[in-house]
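Enquirer: Quick one, data.txt (compact mmCIF, C-alpha atoms and all ligand atoms):
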```txt
# COMPACT_ATOMS: atom_id res chain seq x y z
CA MET X 1 -1.65 14.07 0.69
CA LYS X 2 -2.47 12.04 -2.45
CA HIS X 3 1.00 10.52 -2.91
CA LEU X 4 4.21 10.32 -0.92
CA LEU X 5 6.85 11.27 -3.47
CA GLY X 6 9.36 12.87 -1.11
CA ILE X 7 9.82 14.79 2.12
CA GLU X 8 10.30 17.80 -0.16
CA GLN X 9 6.59 17.93 -1.00
CA LEU X 10 5.30 17.52 2.58
CA SER X 11 4.32 20.33 4.93
CA ALA X 12 5.38 20.49 8.57
CA SER X 13 1.84 19.69 9.69
CA GLU X 14 1.62 16.67 7.38
CA ILE X 15 4.90 15.34 8.82
CA GLU X 16 3.67 16.01 12.37
CA SER X 17 0.40 14.19 11.86
CA LEU X 18 2.07 11.20 10.17
CA VAL X 19 4.47 10.82 13.11
CA GLU X 20 1.64 11.19 15.63
CA LYS X 21 -0.46 8.61 13.79
CA ALA X 22 2.51 6.22 13.62
CA ILE X 23 2.98 6.45 17.39
CA GLU X 24 -0.73 5.77 17.92
CA LEU X 25 -0.69 2.80 15.53
CA LYS X 26 2.34 1.37 17.33
CA ALA X 27 0.57 1.61 20.69
CA ASN X 28 -2.55 -0.05 19.30
CA ARG X 29 -0.95 -2.72 17.15
CA GLY X 30 -2.91 -5.94 17.37
CA LYS X 31 -5.81 -4.25 19.18
CA GLN X 32 -7.20 -2.43 16.22
CA ILE X 33 -10.04 -3.91 14.20
CA GLU X 34 -10.00 -1.25 11.52
CA HIS X 35 -8.97 -2.46 8.06
CA PRO X 36 -8.73 0.74 6.02
CA LEU X 37 -7.53 -1.10 2.89
CA ALA X 38 -9.80 -4.14 3.09
CA GLY X 39 -10.01 -6.09 -0.16
CA GLU X 40 -7.40 -3.97 -1.95
CA THR X 41 -4.26 -4.98 -3.83
CA TRP X 42 -1.17 -2.75 -3.72
CA ALA X 43 1.66 -3.22 -6.20
CA MET X 44 5.20 -3.08 -4.89
CA ILE X 45 7.57 -2.45 -7.80
CA PHE X 46 11.18 -2.85 -6.67
CA THR X 47 14.18 -2.29 -8.92
CA LYS X 48 16.62 -2.40 -6.00
CA SER X 49 17.12 -4.80 -3.08
CA SER X 50 15.26 -4.36 0.19
CA THR X 51 14.73 -6.07 3.52
CA ARG X 52 13.12 -3.49 5.82
CA THR X 53 11.02 -1.57 3.30
CA ARG X 54 9.67 -4.66 1.60
CA VAL X 55 8.84 -6.56 4.77
CA SER X 56 7.34 -3.58 6.61
CA PHE X 57 5.10 -2.68 3.68
CA GLU X 58 4.00 -6.27 3.15
CA VAL X 59 3.18 -6.68 6.85
CA GLY X 60 1.50 -3.25 7.07
CA LEU X 61 -0.66 -3.91 4.02
CA ASN X 62 -1.70 -7.29 5.43
CA GLU X 63 -2.60 -5.72 8.78
CA PHE X 64 -4.78 -3.20 6.94
CA GLY X 65 -6.59 -5.91 4.98
CA ALA X 66 -4.81 -5.38 1.64
CA ARG X 67 -2.83 -7.81 -0.46
CA PRO X 68 0.71 -6.79 -1.43
CA LEU X 69 1.67 -7.73 -4.97
CA PHE X 70 5.47 -7.77 -5.09
CA LEU X 71 6.83 -7.13 -8.57
CA ASN X 72 10.54 -7.43 -9.09
CA SER X 73 11.19 -5.07 -11.97
CA LYS X 74 13.29 -7.77 -13.68
CA ASP X 75 10.26 -10.04 -13.90
CA VAL X 76 7.82 -7.50 -15.30
CA GLN X 77 8.07 -5.90 -18.76
CA LEU X 78 9.53 -2.76 -17.18
CA GLY X 79 12.79 -4.69 -17.05
CA ARG X 80 12.60 -5.21 -20.84
CA GLY X 81 12.05 -1.55 -21.56
CA GLU X 82 8.30 -0.95 -21.21
CA PRO X 83 8.01 2.70 -20.20
CA ILE X 84 7.02 3.55 -16.65
CA LYS X 85 4.05 5.59 -17.89
CA ASP X 86 2.59 2.58 -19.71
CA THR X 87 3.22 0.33 -16.70
CA ALA X 88 1.46 2.94 -14.56
CA ARG X 89 -1.52 3.18 -16.92
CA VAL X 90 -1.98 -0.60 -16.79
CA LEU X 91 -1.51 -1.04 -13.05
CA GLY X 92 -3.61 2.03 -12.30
CA ARG X 93 -6.60 0.21 -13.80
CA MET X 94 -6.04 -2.92 -11.72
CA VAL X 95 -4.50 -2.17 -8.33
CA HIS X 96 -5.37 0.34 -5.64
CA GLY X 97 -1.96 1.80 -4.86
CA ALA X 98 1.72 1.48 -5.73
CA ILE X 99 4.94 1.42 -3.73
CA ILE X 100 8.03 1.96 -5.86
CA ARG X 101 11.75 1.55 -5.17
CA THR X 102 13.94 2.59 -8.04
CA PHE X 103 16.77 4.85 -9.23
CA ASP X 104 15.19 7.85 -10.92
CA GLN X 105 12.86 10.07 -8.89
CA GLN X 106 11.11 11.03 -12.13
CA ASP X 107 9.88 7.42 -12.51
CA VAL X 108 7.96 7.70 -9.23
CA VAL X 109 6.60 11.12 -10.23
CA ASP X 110 5.53 9.76 -13.64
CA PHE X 111 3.94 6.69 -12.10
CA ALA X 112 1.82 8.89 -9.83
CA GLU X 113 0.78 11.06 -12.77
CA PHE X 114 -0.09 8.31 -15.22
CA GLY X 115 -1.29 5.63 -12.79
CA LYS X 116 -3.67 7.97 -10.97
CA ILE X 117 -3.49 5.80 -7.86
CA PRO X 118 -1.79 6.58 -4.51
CA THR X 119 1.94 6.22 -5.10
CA ILE X 120 4.67 5.90 -2.48
CA ASN X 121 8.38 6.51 -2.97
CA ALA X 122 10.05 3.53 -1.27
CA LEU X 123 13.52 4.96 -2.10
CA THR X 124 14.98 6.61 -5.15
CA ASP X 125 18.42 8.12 -5.72
CA GLU X 126 16.87 11.43 -4.66
CA GLU X 127 14.86 10.64 -1.52
CA HIS X 128 13.87 8.03 1.04
CA PRO X 129 10.83 9.64 2.69
CA CYS X 130 9.49 6.50 4.42
CA GLN X 131 12.79 6.16 6.26
CA ILE X 132 12.82 9.77 7.42
CA LEU X 133 9.31 9.48 8.87
CA ALA X 134 10.35 6.43 10.87
CA ASP X 135 13.50 8.25 12.00
CA LEU X 136 11.53 11.29 13.15
CA MET X 137 9.19 8.97 15.03
CA THR X 138 12.17 7.37 16.78
CA ILE X 139 13.61 10.77 17.66
CA ARG X 140 10.26 11.74 19.14
CA GLU X 141 10.17 8.51 21.18
CA LYS X 142 13.78 8.73 22.39
CA LEU X 143 14.28 12.47 22.80
CA GLY X 144 10.72 13.80 23.08
CA GLY X 145 10.93 15.58 19.71
CA TRP X 146 13.23 17.28 17.22
CA GLU X 147 12.47 20.84 18.31
CA GLY X 148 15.71 22.63 19.22
CA LYS X 149 17.77 19.53 18.51
CA LYS X 150 20.94 19.22 16.47
CA ILE X 151 20.90 16.27 14.09
CA SER X 152 24.20 15.44 12.38
CA PHE X 153 24.56 13.28 9.31
CA PHE X 154 27.99 11.72 8.71
CA GLY X 155 29.14 10.30 5.39
CA ASP X 156 27.71 10.59 1.88
CA GLY X 157 25.80 13.83 2.37
CA ASP X 158 24.57 13.96 -1.20
CA CYS X 159 22.76 10.61 -1.14
CA ASN X 160 19.03 10.09 -0.80
CA MET X 161 19.26 10.10 3.02
CA GLY X 162 21.30 13.31 3.26
CA ARG X 163 18.93 15.05 0.87
CA SER X 164 15.79 13.84 2.62
CA TRP X 165 17.20 15.04 5.96
CA ALA X 166 17.83 18.46 4.45
CA TRP X 167 14.17 18.76 3.41
CA ALA X 168 13.07 17.61 6.87
CA ALA X 169 15.23 20.31 8.49
CA LYS X 170 13.80 22.95 6.17
CA HIS X 171 10.20 22.01 6.99
CA LEU X 172 10.62 21.32 10.71
CA GLY X 173 13.28 23.88 11.64
CA PHE X 174 15.71 21.69 13.59
CA GLU X 175 19.43 22.16 13.06
CA LEU X 176 20.97 19.75 10.56
CA CYS X 177 24.72 19.43 10.19
CA ILE X 178 26.12 17.36 7.32
CA ALA X 179 29.71 16.20 7.78
CA ALA X 180 31.16 15.00 4.48
CA PRO X 181 34.24 15.46 2.33
CA GLN X 182 33.73 18.05 -0.39
CA ALA X 183 32.95 15.54 -3.15
CA PHE X 184 30.14 14.05 -1.05
CA GLN X 185 28.52 17.28 0.12
CA PRO X 186 25.06 18.11 -1.26
CA ALA X 187 25.41 19.36 -4.83
CA GLU X 188 25.05 23.06 -5.55
CA GLU X 189 21.99 22.42 -7.70
CA PHE X 190 20.35 20.70 -4.74
CA MET X 191 21.25 23.46 -2.27
CA THR X 192 19.77 26.05 -4.63
CA ARG X 193 16.55 24.06 -4.84
CA LEU X 194 16.52 23.65 -1.06
CA GLY X 195 16.84 27.40 -0.54
CA SER X 196 16.99 28.82 2.94
CA ALA X 197 17.16 26.01 5.54
CA PRO X 198 18.90 25.47 8.91
CA VAL X 199 21.51 23.22 7.29
CA THR X 200 25.26 23.50 7.90
CA ILE X 201 27.74 21.62 5.76
CA THR X 202 31.22 20.87 7.02
CA ASP X 203 34.17 18.61 6.39
CA ASP X 204 35.05 18.76 10.08
CA VAL X 205 33.61 15.82 12.02
CA LYS X 206 34.15 17.69 15.30
CA VAL X 207 31.88 20.56 14.18
CA ALA X 208 29.12 18.04 13.46
CA ALA X 209 29.60 15.94 16.60
CA GLU X 210 29.83 18.71 19.18
CA ASN X 211 26.50 19.58 20.86
CA CYS X 212 24.83 16.97 18.72
CA ASP X 213 21.67 15.10 19.82
CA VAL X 214 21.37 12.59 16.97
CA LEU X 215 24.33 11.06 15.14
CA TYR X 216 23.06 9.63 11.87
CA THR X 217 24.81 7.61 9.21
CA ASP X 218 24.12 5.51 6.15
CA THR X 219 26.14 3.22 3.92
CA TRP X 220 29.00 4.88 2.05
CA VAL X 221 28.06 2.90 -1.07
CA SER X 222 24.43 3.45 -1.92
CA MET X 223 22.68 1.04 -4.26
CA GLY X 224 23.82 1.78 -7.80
CA LYS X 225 27.20 3.17 -6.68
CA GLU X 226 28.95 -0.19 -6.32
CA GLU X 227 31.53 0.58 -9.01
CA GLU X 228 32.75 3.56 -6.97
CA ALA X 229 33.08 1.51 -3.78
CA GLY X 230 36.89 1.47 -3.61
CA ALA X 231 37.29 5.26 -3.84
CA ARG X 232 34.31 5.94 -1.58
CA LEU X 233 35.61 3.77 1.26
CA ILE X 234 38.91 5.65 1.22
CA GLU X 235 37.48 9.15 0.95
CA LEU X 236 34.71 8.68 3.48
CA ALA X 237 36.84 6.86 6.07
CA PRO X 238 37.39 9.96 8.27
CA PHE X 239 33.59 10.35 8.61
CA GLN X 240 32.97 7.13 10.50
CA ILE X 241 30.80 7.15 13.63
CA ASN X 242 33.05 5.64 16.29
CA SER X 243 33.45 5.97 20.05
CA GLU X 244 35.63 9.05 19.68
CA VAL X 245 32.98 10.87 17.62
CA LEU X 246 30.25 9.68 19.97
CA GLY X 247 32.27 11.03 22.89
CA MET X 248 32.08 14.56 21.43
CA ALA X 249 28.27 14.55 21.25
CA ASN X 250 25.78 15.48 23.96
CA GLN X 251 25.53 13.09 26.92
CA ASN X 252 22.11 11.70 25.93
CA ALA X 253 22.74 11.70 22.16
CA ILE X 254 21.31 8.80 20.18
CA VAL X 255 22.84 6.96 17.23
CA GLN X 256 20.70 6.23 14.19
CA HIS X 257 21.42 4.21 11.07
CA CYS X 258 18.87 3.54 8.34
CA LEU X 259 20.50 0.12 7.75
CA PRO X 260 21.86 -2.07 6.27
CA ALA X 261 25.04 -1.28 8.22
CA TYR X 262 28.54 -2.02 7.00
CA ARG X 263 30.48 -2.48 10.19
CA ASP X 264 33.76 -0.69 10.58
CA ASN X 265 33.01 1.42 7.52
CA GLU X 266 30.40 4.10 8.33
CA ILE X 267 29.98 2.87 11.92
CA THR X 268 32.17 0.75 14.13
CA GLU X 269 31.01 -2.66 15.31
CA GLU X 270 31.46 -1.36 18.86
CA VAL X 271 29.12 1.64 18.50
CA LEU X 272 26.58 -0.31 16.50
CA GLU X 273 26.33 -3.06 19.11
CA GLU X 274 26.38 -0.62 22.02
CA ARG X 275 23.50 1.33 20.42
CA GLN X 276 21.70 -1.55 18.70
CA ASP X 277 18.57 -1.00 20.73
CA GLU X 278 17.93 2.51 19.38
CA ILE X 279 19.00 1.52 15.86
CA PHE X 280 16.66 -1.49 15.67
CA GLN X 281 13.83 0.49 17.28
CA GLN X 282 14.30 2.82 14.32
CA ALA X 283 14.06 -0.19 11.95
CA GLU X 284 10.89 -1.43 13.66
CA ASN X 285 9.35 2.01 13.31
CA ARG X 286 9.38 1.62 9.54
CA LEU X 287 6.31 -0.58 9.95
CA HIS X 288 4.37 1.90 12.06
CA ALA X 289 5.35 4.95 10.03
CA GLN X 290 4.39 3.27 6.76
CA LYS X 291 1.03 2.18 8.17
CA ALA X 292 0.45 5.86 8.96
CA ILE X 293 1.38 6.76 5.36
CA LEU X 294 -0.98 4.10 3.95
CA MET X 295 -3.80 5.35 6.15
CA ALA X 296 -3.26 8.99 5.15
CA LEU X 297 -3.27 8.08 1.44
CA ALA X 298 -6.39 5.94 1.83
CA LYS X 299 -8.21 8.87 3.48
CA ALA X 300 -7.15 11.34 0.78
CA ARG X 301 -8.64 9.38 -2.14
N1 LIG X 401 16.58 1.23 5.32
C1 LIG X 401 16.03 0.56 4.30
O1 LIG X 401 15.33 1.11 3.46
O2 LIG X 401 16.30 -0.76 4.32
P1 LIG X 401 16.03 -1.79 3.11
O3 LIG X 401 16.95 -1.37 1.99
O4 LIG X 401 16.37 -3.13 3.67
O5 LIG X 401 14.61 -1.69 2.71
N1 LIG X 402 21.57 5.45 0.72
C1 LIG X 402 21.21 4.05 0.79
C2 LIG X 402 20.00 3.85 1.64
C3 LIG X 402 19.68 2.39 1.91
C4 LIG X 402 18.43 2.23 2.70
C5 LIG X 402 20.98 3.52 -0.61
O1 LIG X 402 20.38 4.22 -1.43
O2 LIG X 402 21.43 2.40 -0.90
```
Could you take the file, read its structure, and then write that structure out as structure tokens?

Expert:
Amino acid sequence: MKHLLGIEQLSASEIESLVEKAIELKANRGKQIEHPLAGETWAMIFTKSSTRTRVSFEVGLNEFGARPLFLNSKDVQLGRGEPIKDTARVLGRMVHGAIIRTFDQQDVVDFAEFGKIPTINALTDEEHPCQILADLMTIREKLGGWEGKKISFFGDGDCNMGRSWAWAAKHLGFELCIAAPQAFQPAEEFMTRLGSAPVTITDDVKVAAENCDVLYTDTWVSMGKEEEAGARLIELAPFQINSEVLGMANQNAIVQHCLPAYRDNEITEEVLEERQDEIFQQAENRLHAQKAILMALAKAR
């Protein structure tokens, strides 16, 4: 694995070994003396806001001996129109790796091509692979694994999280059910690209909740969709994770949210607080999963 551009490009065994490594790194945090990125500088180019991704990468890079160089895209020339390929060709000659959060997936792909340094997708409109790896790690910790499990995603099924989950289901073979109103179901073009996968799409919350082991949700208004907020909140309202929906799931089902959470929209305050332990464990796992990603990329150079 030379870059992490999406879950789409990973194999099942790559996902497995990243999750295993993340669990090992979590167990050994603070004990390890290995600094696989000692003396390096990694650029973090962010065009969108971030709490978890930014902090977990900065901490992870520090723990591995590297210096994070945070670049808000508004401050660098990218924000004034310098093409991504030129930015990549400059940074590729100076830094050792790049972590990019932006809108267009193609920008991350182009950066990897022109920068010729390990490149990580820290969220685009298409995918959020770092999040999925932390989620899979949490599912392994809480439920022993994803094998034979039913994972249900409620809400905007065509956003980066819904799409990344679909790729994970295709590679790993667990059952994924996406509950969304028609306008927010994965686009036809995406489903064609996905091809055969154990993914069911429904507009019936009950179908998704019944026999479910993981109830997953995400904001109804992804970054960049703010202008559509009013309509989205109305249309997605029936797809909220609340105590009624939770009551339809399996007895030991867990609730996951990539965060930030908008209480009483995609998830009720009640369910979020009742399940905060598993949701914030998931947030913590971003650090461990991303350290595993950094380590894998360092080894592949
Ligand atoms: N889940 C996630 O990526 O959070 P941030 O937007 O805070 O990084
Ligand atoms: N779908 C959300 C994920 C936030 C981590 C967004 O893109 O804003």

Enquirer: Can you pull out the residues contacting Glu189 (chain X)? Cut-off 12 Å, using all atoms listed in the file, and skip same-chain residues under 6 positions away; I want them as a PDB file with C-alpha atoms, in the frame of the given file.

Expert:
```
ATOM      1  CA  ASP X 158      24.570  13.960  -1.200  1.00  0.00           C
ATOM      2  CA  ARG X 163      18.930  15.050   0.870  1.00  0.00           C
ATOM      3  CA  GLY X 195      16.840  27.400  -0.540  1.00  0.00           C
TER       4      GLY X 195
END
```

Enquirer: Using all atoms listed in the file, which protein or nucleic acid residues are at most 10 Å from ligand LIG 401 (chain X), as a ChimeraX atom specification?

Expert: /X:48-57,101,122-123,128-132,134,161,218-219,222-223,257-261,282-283,286

Enquirer: Sort by chain and increasing residue number a table of all residues of region 125-162 of chain X within 9 Å of region 105-119 of chain X, each with its closest pair of atoms and their distance in Å to one decimal, counting all atoms listed in the file, and write it as a tab-separated table.

Expert:
```
residue	atom	partner	partner_atom	distance
X:Asp125	CA	X:Gln105	CA	6.7
X:Glu126	CA	X:Gln105	CA	6.0
X:Glu127	CA	X:Gln105	CA	7.7
```

Enquirer: Residues around (3.2, 10.0, 0.3), cut-off 7 Å, counting only C-alpha atoms - what are they as a ChimeraX atom specification?

Expert: /X:1-6,119-120,293,297

Enquirer: I'd like the neighbourhood of Lys31 (chain X) as a list in words, where a residue qualifies if any of its atoms comes within 12 Å (using all atoms listed in the file), though same-chain residues fewer than 6 positions away should be ignored.

Expert: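 So the residues in contact are Glu24, Leu25 and Glu63 of chain X.
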
Enquirer: Nearest to ligand LIG 402 (chain X): which of X:Val90, X:Leu143, X:Cys159, X:Ile23 is it, counting only C-alpha atoms and all ligand atoms?

Expert: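 So, comparing all the options, the nearest one is X:Cys159.
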
Enquirer: Between X:Ala22, X:Cys177, X:Ala43, X:Ala296, which has the minimum distance to Arg140 (chain X) (counting all atoms listed in the file)?

Expert: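 Ranked by minimum distance to Arg140 (chain X), first place goes to X:Ala22.
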
Enquirer: Which residues come within 9 Å of region 203-211 of chain X, counting only C-alpha atoms, excluding same-chain residues fewer than 3 positions away, as JSON, numbers by chain?

Expert: {"X": [150, 151, 152, 153, 154, 176, 177, 178, 179, 180, 181, 182, 185, 200, 214, 215, 238, 239, 240, 245, 246, 247, 248, 249, 250, 251, 253]}

Enquirer: Using C-alpha atoms, can you write the selected residues to a file as an mmCIF file, keeping the file's coordinate frame?

Expert:
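Written output follows (again-v5.cif):
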```
data_model
loop_
_atom_site.group_PDB
_atom_site.id
_atom_site.type_symbol
_atom_site.label_atom_id
_atom_site.label_comp_id
_atom_site.auth_asym_id
_atom_site.auth_seq_id
_atom_site.Cartn_x
_atom_site.Cartn_y
_atom_site.Cartn_z
ATOM 1 C CA LYS X 150 20.940 19.220 16.470
ATOM 2 C CA ILE X 151 20.900 16.270 14.090
ATOM 3 C CA SER X 152 24.200 15.440 12.380
ATOM 4 C CA PHE X 153 24.560 13.280 9.310
ATOM 5 C CA PHE X 154 27.990 11.720 8.710
ATOM 6 C CA LEU X 176 20.970 19.750 10.560
ATOM 7 C CA CYS X 177 24.720 19.430 10.190
ATOM 8 C CA ILE X 178 26.120 17.360 7.320
ATOM 9 C CA ALA X 179 29.710 16.200 7.780
ATOM 10 C CA ALA X 180 31.160 15.000 4.480
ATOM 11 C CA PRO X 181 34.240 15.460 2.330
ATOM 12 C CA GLN X 182 33.730 18.050 -0.390
ATOM 13 C CA GLN X 185 28.520 17.280 0.120
ATOM 14 C CA THR X 200 25.260 23.500 7.900
ATOM 15 C CA VAL X 214 21.370 12.590 16.970
ATOM 16 C CA LEU X 215 24.330 11.060 15.140
ATOM 17 C CA PRO X 238 37.390 9.960 8.270
ATOM 18 C CA PHE X 239 33.590 10.350 8.610
ATOM 19 C CA GLN X 240 32.970 7.130 10.500
ATOM 20 C CA VAL X 245 32.980 10.870 17.620
ATOM 21 C CA LEU X 246 30.250 9.680 19.970
ATOM 22 C CA GLY X 247 32.270 11.030 22.890
ATOM 23 C CA MET X 248 32.080 14.560 21.430
ATOM 24 C CA ALA X 249 28.270 14.550 21.250
ATOM 25 C CA ASN X 250 25.780 15.480 23.960
ATOM 26 C CA GLN X 251 25.530 13.090 26.920
ATOM 27 C CA ALA X 253 22.740 11.700 22.160
#
```

Enquirer: Mind giving me the straight-line distance from CA of Tyr216 (chain X) to CA of His171 (chain X) in Å, one decimal?

Expert: 18.5 Å

Enquirer: Give me, please, the distance in Å between CA of Glu141 (chain X) and atom C3 of ligand LIG 402 (chain X), quoted to one decimal.

Expert: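 Atom C3 of ligand LIG 402 (chain X) lies at a distance of 22.3 Å from CA of Glu141 (chain X).
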
Enquirer: If you measure from CA of Met44 (chain X) to CA of Gln9 (chain X), what distance in Å do you get, rounded to one decimal?

Expert: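 According to the coordinates, CA of Met44 (chain X) and CA of Gln9 (chain X) are separated by 21.4 Å.
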
Enquirer: Using only C-alpha atoms and all ligand atoms for the distances, tell me which of X:Thr41, X:Thr217, X:Gln32, X:Thr202 is nearest to ligand LIG 402 (chain X).

Expert: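 Closest to ligand LIG 402 (chain X), using only C-alpha atoms and all ligand atoms: X:Thr217.
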
Enquirer: Which is closer to ligand LIG 402 (chain X) than all the others in X:Asp156, X:Asp277, X:Glu175, X:Glu14, using all atoms listed in the file?

Expert: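 Of the candidates, the smallest distance to ligand LIG 402 (chain X) is held by X:Asp156.
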
Enquirer: Of the residues X:Gly173, X:Gly155, X:Pro186, X:Gly65, which is the one nearest to ligand LIG 402 (chain X), using all atoms listed in the file?

Expert: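 Of all the options, X:Gly155 lies closest to ligand LIG 402 (chain X).
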
Enquirer: Please identify all polymer residues within 10 Å of Glu284 (chain X), counting all atoms listed in the file, omitting same-chain residues fewer than 3 positions from it, and present them as a PyMOL selection string.

Expert: chain X and resi 26+52+56+134+138+278-281+287-289

Enquirer: Taking all atoms listed in the file into account, which of X:Met295, X:Thr124, X:Met191, X:Leu136 comes nearest ligand LIG 402 (chain X)?

Expert: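 The closest residue to ligand LIG 402 (chain X) is X:Thr124.
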
Enquirer: Which residues, protein or nucleic acid, reach to within 12 Å of (13.2, -7.7, -11.5) in the file's coordinates when using all atoms listed in the file, and can you give that as a PDB file with C-alpha atoms, in the frame of the given file?

Expert:
```
ATOM      1  CA  MET X  44       5.200  -3.080  -4.890  1.00  0.00           C
ATOM      2  CA  ILE X  45       7.570  -2.450  -7.800  1.00  0.00           C
ATOM      3  CA  PHE X  46      11.180  -2.850  -6.670  1.00  0.00           C
ATOM      4  CA  THR X  47      14.180  -2.290  -8.920  1.00  0.00           C
ATOM      5  CA  LYS X  48      16.620  -2.400  -6.000  1.00  0.00           C
ATOM      6  CA  SER X  49      17.120  -4.800  -3.080  1.00  0.00           C
ATOM      7  CA  PHE X  70       5.470  -7.770  -5.090  1.00  0.00           C
ATOM      8  CA  LEU X  71       6.830  -7.130  -8.570  1.00  0.00           C
ATOM      9  CA  ASN X  72      10.540  -7.430  -9.090  1.00  0.00           C
ATOM     10  CA  SER X  73      11.190  -5.070 -11.970  1.00  0.00           C
ATOM     11  CA  LYS X  74      13.290  -7.770 -13.680  1.00  0.00           C
ATOM     12  CA  ASP X  75      10.260 -10.040 -13.900  1.00  0.00           C
ATOM     13  CA  VAL X  76       7.820  -7.500 -15.300  1.00  0.00           C
ATOM     14  CA  GLN X  77       8.070  -5.900 -18.760  1.00  0.00           C
ATOM     15  CA  LEU X  78       9.530  -2.760 -17.180  1.00  0.00           C
ATOM     16  CA  GLY X  79      12.790  -4.690 -17.050  1.00  0.00           C
ATOM     17  CA  ARG X  80      12.600  -5.210 -20.840  1.00  0.00           C
ATOM     18  CA  GLY X  81      12.050  -1.550 -21.560  1.00  0.00           C
ATOM     19  CA  ARG X 101      11.750   1.550  -5.170  1.00  0.00           C
ATOM     20  CA  THR X 102      13.940   2.590  -8.040  1.00  0.00           C
TER      21      THR X 102
END
```

Enquirer: Pick out the residues sitting within 10 Å of Ala66 (chain X), and hand them over as a list in words; count all atoms listed in the file, and ignore anything fewer than 2 positions along from it in its own chain.

Expert: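 Non-adjacent residues within range: His35, Pro36, Leu37, Ala38, Gly39, Glu40, Thr41, Trp42, Glu58, Val59, Gly60, Leu61, Asn62, Glu63, Phe64, Pro68, Leu69 and His96 of chain X.
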
Enquirer: Since the input is missing atoms for region 155-160 of chain X, could you rebuild it with all heavy atoms and give the result as a compact mmCIF listing (two decimals), in the coordinates of the input?

Expert:
```txt
# COMPACT_ATOMS: atom_id res chain seq x y z
N GLY X 155 28.88 11.20 6.51
CA GLY X 155 29.14 10.30 5.39
C GLY X 155 28.79 10.91 4.05
O GLY X 155 29.15 12.05 3.77
N ASP X 156 28.06 10.14 3.23
CA ASP X 156 27.71 10.59 1.88
C ASP X 156 26.52 11.56 1.97
O ASP X 156 25.36 11.16 1.88
CB ASP X 156 27.37 9.37 1.01
CG ASP X 156 26.96 9.76 -0.39
OD1 ASP X 156 27.02 10.96 -0.73
OD2 ASP X 156 26.58 8.85 -1.17
N GLY X 157 26.84 12.81 2.14
CA GLY X 157 25.80 13.83 2.37
C GLY X 157 24.95 14.14 1.17
O GLY X 157 23.93 14.81 1.28
N ASP X 158 25.36 13.65 -0.01
CA ASP X 158 24.57 13.96 -1.20
C ASP X 158 23.70 12.77 -1.63
O ASP X 158 23.12 12.78 -2.70
CB ASP X 158 25.51 14.35 -2.36
CG ASP X 158 24.78 15.14 -3.43
OD1 ASP X 158 23.82 15.87 -3.08
OD2 ASP X 158 25.15 15.03 -4.61
N CYS X 159 23.61 11.76 -0.77
CA CYS X 159 22.76 10.61 -1.14
C CYS X 159 21.31 10.89 -0.75
O CYS X 159 20.98 11.94 -0.18
CB CYS X 159 23.29 9.33 -0.50
SG CYS X 159 22.86 9.14 1.24
N ASN X 160 20.46 9.93 -1.08
CA ASN X 160 19.03 10.09 -0.80
C ASN X 160 18.74 10.42 0.68
O ASN X 160 17.86 11.22 0.97
CB ASN X 160 18.26 8.83 -1.24
CG ASN X 160 19.00 7.54 -0.91
OD1 ASN X 160 19.88 7.51 -0.05
ND2 ASN X 160 18.63 6.46 -1.60
```
